[in-house]
Amino acid sequence: MAMYLNTIIVWALILLSNSALAEQHHEHRELGAHEHGIGSLNLVMEDKQLKVYLESPAVNLLGFEHQPHSSNEQKRLDYVLNQLKKPDQVINVEGGECRLTHYQVSNPFDQVISYESLDKQPSSDEHSDFDVEYLYTCQQPLALTSITISLFDSFNGFDSLHAQWIINSTSGAAVFDKHQNVLKVK
């Protein structure tokens, strides 16, 4: 129970610090806003577990946000889901003897969609998001040196990634891009 409460407190702190990140970069971005080209990455080290949470508009990964309409779009969705199951396509954890112990990748199109009437058609401005979680167990968490964000090489729909972290009693926030993609932990 204590671990569960600690996790809630850590995530609450991350959410609260999101507004500080936006102010720091003079952006007027709403909490949880859906912006094409931009994703969010939260990292929390708790004891020996590194929890990584990525949220991104589907367009950043797929090039579209609607249900797949063609076999090519379905193949692209299958490819992206497969790639996200390989965490090195998103991040690389260096030091700390960390190994992946769990992951969860949400398919944004697996949800049930309901409409108020049969005459109502799906909106053309629908927004779909991917949610990806990775859990690492680190044998030596204090030896963790850096985290390289590799998703810019894997998925070209990203302009930037807004990251927040609490790792080894240090918290921070930054905006990463293709040219600045390494989070130095030590």
# chains A, B, ... in the order shown; residues from 1 in each chain; ligands from 1
$ residues_around --residues "stretch 46-49 of chain A" --least-positions-apart "2" --cutoff "10 Å" --atoms "only C-alpha atoms" --output "list in words"
Met3, Asn6, Thr7, Val10, Leu43, Val44, Lys51, Val52, Gly96, Cys98, Arg99, Leu100, Thr101, Leu135, Tyr136, Thr137, Cys138, Gln139, Gln140, Pro141, Leu142, Ile166, Ile167, Asn168 and Ser169 of chain A
$ residues_around --residues "A:Ala163" --least-positions-apart "4" --cutoff "7 Å" --atoms "only C-alpha atoms" --output "list in words"
Ser40, Leu41, Asn42, Ala173, Ala174 and Val175 of chain A
$ write_last_selection --atoms "all heavy atoms" --output "mmCIF file, in the first residue's frame"
data_model
loop_
_atom_site.group_PDB
_atom_site.id
_atom_site.type_symbol
_atom_site.label_atom_id
_atom_site.label_comp_id
_atom_site.auth_asym_id
_atom_site.auth_seq_id
_atom_site.Cartn_x
_atom_site.Cartn_y
_atom_site.Cartn_z
ATOM 1 N N SER A 40 4.880 13.574 -24.831
ATOM 2 C CA SER A 40 5.336 13.771 -23.451
ATOM 3 C C SER A 40 5.943 12.473 -22.931
ATOM 4 O O SER A 40 5.506 11.378 -23.283
ATOM 5 C CB SER A 40 4.191 14.237 -22.551
ATOM 6 O OG SER A 40 3.238 13.213 -22.389
ATOM 7 N N LEU A 41 6.971 12.629 -22.121
ATOM 8 C CA LEU A 41 7.688 11.499 -21.551
ATOM 9 C C LEU A 41 7.891 11.768 -20.062
ATOM 10 O O LEU A 41 8.415 12.816 -19.688
ATOM 11 C CB LEU A 41 9.049 11.334 -22.233
ATOM 12 C CG LEU A 41 9.909 10.159 -21.790
ATOM 13 C CD1 LEU A 41 9.272 8.838 -22.240
ATOM 14 C CD2 LEU A 41 11.312 10.281 -22.373
ATOM 15 N N ASN A 42 7.426 10.842 -19.228
ATOM 16 C CA ASN A 42 7.613 10.942 -17.780
ATOM 17 C C ASN A 42 8.427 9.742 -17.328
ATOM 18 O O ASN A 42 8.146 8.609 -17.738
ATOM 19 C CB ASN A 42 6.268 10.966 -17.056
ATOM 20 C CG ASN A 42 5.483 12.218 -17.386
ATOM 21 O OD1 ASN A 42 5.997 13.324 -17.271
ATOM 22 N ND2 ASN A 42 4.253 12.054 -17.805
ATOM 23 N N ALA A 173 12.896 18.852 -15.711
ATOM 24 C CA ALA A 173 12.044 18.897 -16.886
ATOM 25 C C ALA A 173 12.844 19.533 -18.008
ATOM 26 O O ALA A 173 13.688 20.403 -17.772
ATOM 27 C CB ALA A 173 10.780 19.701 -16.605
ATOM 28 N N ALA A 174 12.597 19.076 -19.219
ATOM 29 C CA ALA A 174 13.289 19.620 -20.382
ATOM 30 C C ALA A 174 12.504 19.269 -21.632
ATOM 31 O O ALA A 174 11.648 18.385 -21.611
ATOM 32 C CB ALA A 174 14.713 19.062 -20.486
ATOM 33 N N VAL A 175 12.816 19.956 -22.691
ATOM 34 C CA VAL A 175 12.253 19.647 -23.999
ATOM 35 C C VAL A 175 13.381 19.071 -24.840
ATOM 36 O O VAL A 175 14.440 19.691 -24.992
ATOM 37 C CB VAL A 175 11.649 20.904 -24.667
ATOM 38 C CG1 VAL A 175 11.127 20.572 -26.052
ATOM 39 C CG2 VAL A 175 10.535 21.485 -23.798
#
$ residues_around --residues "A:Gly39" --least-positions-apart "6" --cutoff "12 Å" --atoms "only C-alpha atoms" --output "PDB file with N, CA and C atoms, in the first residue's frame"
ATOM      1  N   GLY A  32      -2.136  18.242 -20.838  1.00  0.00           N
ATOM      2  CA  GLY A  32      -2.751  17.157 -21.579  1.00  0.00           C
ATOM      3  C   GLY A  32      -3.183  17.543 -22.985  1.00  0.00           C
ATOM      4  N   ALA A  33      -2.751  18.695 -23.473  1.00  0.00           N
ATOM      5  CA  ALA A  33      -3.153  19.137 -24.808  1.00  0.00           C
ATOM      6  C   ALA A  33      -2.593  18.194 -25.859  1.00  0.00           C
ATOM      7  N   TYR A  53       6.786   6.531 -19.072  1.00  0.00           N
ATOM      8  CA  TYR A  53       5.459   6.683 -19.645  1.00  0.00           C
ATOM      9  C   TYR A  53       5.535   7.671 -20.810  1.00  0.00           C
ATOM     10  N   LEU A  54       5.187   7.202 -22.000  1.00  0.00           N
ATOM     11  CA  LEU A  54       5.177   8.025 -23.207  1.00  0.00           C
ATOM     12  C   LEU A  54       3.739   8.222 -23.652  1.00  0.00           C
ATOM     13  N   GLU A  55       3.394   9.467 -23.952  1.00  0.00           N
ATOM     14  CA  GLU A  55       2.086   9.777 -24.531  1.00  0.00           C
ATOM     15  C   GLU A  55       2.326  10.604 -25.786  1.00  0.00           C
ATOM     16  N   SER A  56       1.654  10.197 -26.869  1.00  0.00           N
ATOM     17  CA  SER A  56       1.866  10.883 -28.143  1.00  0.00           C
ATOM     18  C   SER A  56       0.617  10.831 -29.007  1.00  0.00           C
ATOM     19  N   PRO A  57       0.351  11.931 -29.726  1.00  0.00           N
ATOM     20  CA  PRO A  57      -0.694  11.846 -30.750  1.00  0.00           C
ATOM     21  C   PRO A  57      -0.326  10.758 -31.759  1.00  0.00           C
ATOM     22  N   ALA A  58      -1.317  10.032 -32.223  1.00  0.00           N
ATOM     23  CA  ALA A  58      -1.085   8.935 -33.171  1.00  0.00           C
ATOM     24  C   ALA A  58      -0.382   9.420 -34.436  1.00  0.00           C
ATOM     25  N   VAL A  59      -0.661  10.634 -34.844  1.00  0.00           N
ATOM     26  CA  VAL A  59      -0.076  11.142 -36.087  1.00  0.00           C
ATOM     27  C   VAL A  59       1.449  11.177 -36.019  1.00  0.00           C
ATOM     28  N   ASN A  60       2.027  11.383 -34.828  1.00  0.00           N
ATOM     29  CA  ASN A  60       3.485  11.413 -34.683  1.00  0.00           C
ATOM     30  C   ASN A  60       4.115  10.070 -35.022  1.00  0.00           C
ATOM     31  N   LEU A  61       3.375   9.002 -34.760  1.00  0.00           N
ATOM     32  CA  LEU A  61       3.890   7.657 -34.963  1.00  0.00           C
ATOM     33  C   LEU A  61       3.416   7.032 -36.266  1.00  0.00           C
ATOM     34  N   VAL A  90      12.409   3.615 -28.526  1.00  0.00           N
ATOM     35  CA  VAL A  90      11.932   4.822 -27.849  1.00  0.00           C
ATOM     36  C   VAL A  90      13.031   5.424 -26.981  1.00  0.00           C
ATOM     37  N   ASP A 129      -4.520   9.007 -29.450  1.00  0.00           N
ATOM     38  CA  ASP A 129      -3.220   9.036 -28.790  1.00  0.00           C
ATOM     39  C   ASP A 129      -2.733   7.633 -28.488  1.00  0.00           C
ATOM     40  N   PHE A 130      -1.419   7.477 -28.536  1.00  0.00           N
ATOM     41  CA  PHE A 130      -0.764   6.265 -28.062  1.00  0.00           C
ATOM     42  C   PHE A 130      -0.308   6.515 -26.633  1.00  0.00           C
ATOM     43  N   ASP A 131      -0.498   5.524 -25.775  1.00  0.00           N
ATOM     44  CA  ASP A 131       0.045   5.531 -24.423  1.00  0.00           C
ATOM     45  C   ASP A 131       0.937   4.304 -24.306  1.00  0.00           C
ATOM     46  N   VAL A 132       2.174   4.534 -23.903  1.00  0.00           N
ATOM     47  CA  VAL A 132       3.150   3.450 -23.820  1.00  0.00           C
ATOM     48  C   VAL A 132       3.799   3.508 -22.440  1.00  0.00           C
ATOM     49  N   ILE A 149      17.021   9.338 -25.817  1.00  0.00           N
ATOM     50  CA  ILE A 149      15.697   9.258 -26.430  1.00  0.00           C
ATOM     51  C   ILE A 149      15.900   8.964 -27.908  1.00  0.00           C
ATOM     52  N   LEU A 151      13.493   7.737 -30.018  1.00  0.00           N
ATOM     53  CA  LEU A 151      12.286   7.724 -30.846  1.00  0.00           C
ATOM     54  C   LEU A 151      12.349   8.711 -32.002  1.00  0.00           C
ATOM     55  N   PHE A 152      13.199   9.724 -31.920  1.00  0.00           N
ATOM     56  CA  PHE A 152      13.336  10.668 -33.031  1.00  0.00           C
ATOM     57  C   PHE A 152      13.904   9.978 -34.271  1.00  0.00           C
ATOM     58  N   PHE A 155      10.801   7.310 -35.326  1.00  0.00           N
ATOM     59  CA  PHE A 155       9.525   7.873 -35.777  1.00  0.00           C
ATOM     60  C   PHE A 155       9.739   9.337 -36.150  1.00  0.00           C
ATOM     61  N   GLY A 157       7.761  11.664 -37.073  1.00  0.00           N
ATOM     62  CA  GLY A 157       6.668  12.607 -36.856  1.00  0.00           C
ATOM     63  C   GLY A 157       6.839  13.471 -35.620  1.00  0.00           C
ATOM     64  N   PHE A 158       7.947  13.290 -34.886  1.00  0.00           N
ATOM     65  CA  PHE A 158       8.171  14.062 -33.667  1.00  0.00           C
ATOM     66  C   PHE A 158       9.046  15.275 -33.938  1.00  0.00           C
ATOM     67  N   ASP A 159       8.608  16.435 -33.465  1.00  0.00           N
ATOM     68  CA  ASP A 159       9.444  17.630 -33.451  1.00  0.00           C
ATOM     69  C   ASP A 159      10.136  17.757 -32.104  1.00  0.00           C
ATOM     70  N   SER A 160       9.367  17.476 -31.039  1.00  0.00           N
ATOM     71  CA  SER A 160       9.930  17.590 -29.703  1.00  0.00           C
ATOM     72  C   SER A 160       9.206  16.661 -28.739  1.00  0.00           C
ATOM     73  N   LEU A 161       9.845  16.460 -27.607  1.00  0.00           N
ATOM     74  CA  LEU A 161       9.313  15.608 -26.561  1.00  0.00           C
ATOM     75  C   LEU A 161       9.490  16.350 -25.242  1.00  0.00           C
ATOM     76  N   HIS A 162       8.382  16.633 -24.567  1.00  0.00           N
ATOM     77  CA  HIS A 162       8.411  17.315 -23.281  1.00  0.00           C
ATOM     78  C   HIS A 162       8.591  16.247 -22.208  1.00  0.00           C
ATOM     79  N   ALA A 163       9.717  16.292 -21.521  1.00  0.00           N
ATOM     80  CA  ALA A 163      10.048  15.249 -20.543  1.00  0.00           C
ATOM     81  C   ALA A 163      10.105  15.829 -19.135  1.00  0.00           C
ATOM     82  N   GLN A 164       9.694  14.984 -18.204  1.00  0.00           N
ATOM     83  CA  GLN A 164       9.782  15.293 -16.783  1.00  0.00           C
ATOM     84  C   GLN A 164      10.285  14.043 -16.087  1.00  0.00           C
ATOM     85  N   VAL A 175      12.816  19.956 -22.691  1.00  0.00           N
ATOM     86  CA  VAL A 175      12.253  19.647 -23.999  1.00  0.00           C
ATOM     87  C   VAL A 175      13.381  19.071 -24.840  1.00  0.00           C
ATOM     88  N   PHE A 176      13.161  17.865 -25.350  1.00  0.00           N
ATOM     89  CA  PHE A 176      14.163  17.190 -26.168  1.00  0.00           C
ATOM     90  C   PHE A 176      13.733  17.200 -27.624  1.00  0.00           C
ATOM     91  N   ASP A 177      14.720  17.120 -28.508  1.00  0.00           N
ATOM     92  CA  ASP A 177      14.452  17.013 -29.943  1.00  0.00           C
ATOM     93  C   ASP A 177      15.515  16.126 -30.572  1.00  0.00           C
TER      94      ASP A 177
END
$ atom_distance --atom1 "atom CA of A:Tyr134" --atom2 "atom CA of A:Gln104"
6.6 Å
$ atom_distance --atom1 "atom CA of A:Gly95" --atom2 "atom CA of A:Thr148"
11.5 Å
$ select_by_dssp --residues "stretch 66-145 of chain A" --states "helix (DSSP H, G or I)" --output "VMD selection string"
chain A and resid 71 to 84 87 to 89 141 to 143
$ residues_around --residues "A:Arg76" --least-positions-apart "3" --cutoff "12 Å" --atoms "only C-alpha atoms" --output "ChimeraX atom specification"
/A:58-59,61-65,67-73,79-83,155
$ write_last_selection --atoms "C-alpha atoms" --output "short mmCIF file (atom, residue, chain, number, x, y, z; two decimals), in the first residue's frame"
data_model
loop_
_atom_site.label_atom_id
_atom_site.label_comp_id
_atom_site.auth_asym_id
_atom_site.auth_seq_id
_atom_site.Cartn_x
_atom_site.Cartn_y
_atom_site.Cartn_z
CA ALA A 58 -1.09 8.93 -33.17
CA VAL A 59 -0.08 11.14 -36.09
CA LEU A 61 3.89 7.66 -34.96
CA LEU A 62 1.55 6.67 -37.78
CA GLY A 63 1.12 9.72 -39.97
CA PHE A 64 -2.68 9.59 -39.37
CA GLU A 65 -5.12 9.61 -36.43
CA GLN A 67 -9.02 4.11 -37.80
CA PRO A 68 -6.95 2.46 -40.56
CA HIS A 69 -8.91 2.75 -43.81
CA SER A 70 -6.64 0.73 -46.08
CA SER A 71 -4.41 -2.31 -45.89
CA ASN A 72 -1.37 0.01 -46.04
CA GLU A 73 -2.61 1.98 -43.03
CA TYR A 79 4.43 -1.98 -37.64
CA VAL A 80 4.23 0.88 -35.12
CA LEU A 81 2.68 -1.34 -32.43
CA ASN A 82 5.48 -3.85 -33.02
CA GLN A 83 8.18 -1.16 -32.84
CA PHE A 155 9.53 7.87 -35.78
#
$ residues_around --residues "A:Lys186" --least-positions-apart "5" --cutoff "8 Å" --atoms "only C-alpha atoms" --output "VMD selection string"
chain A and resid 144 to 146
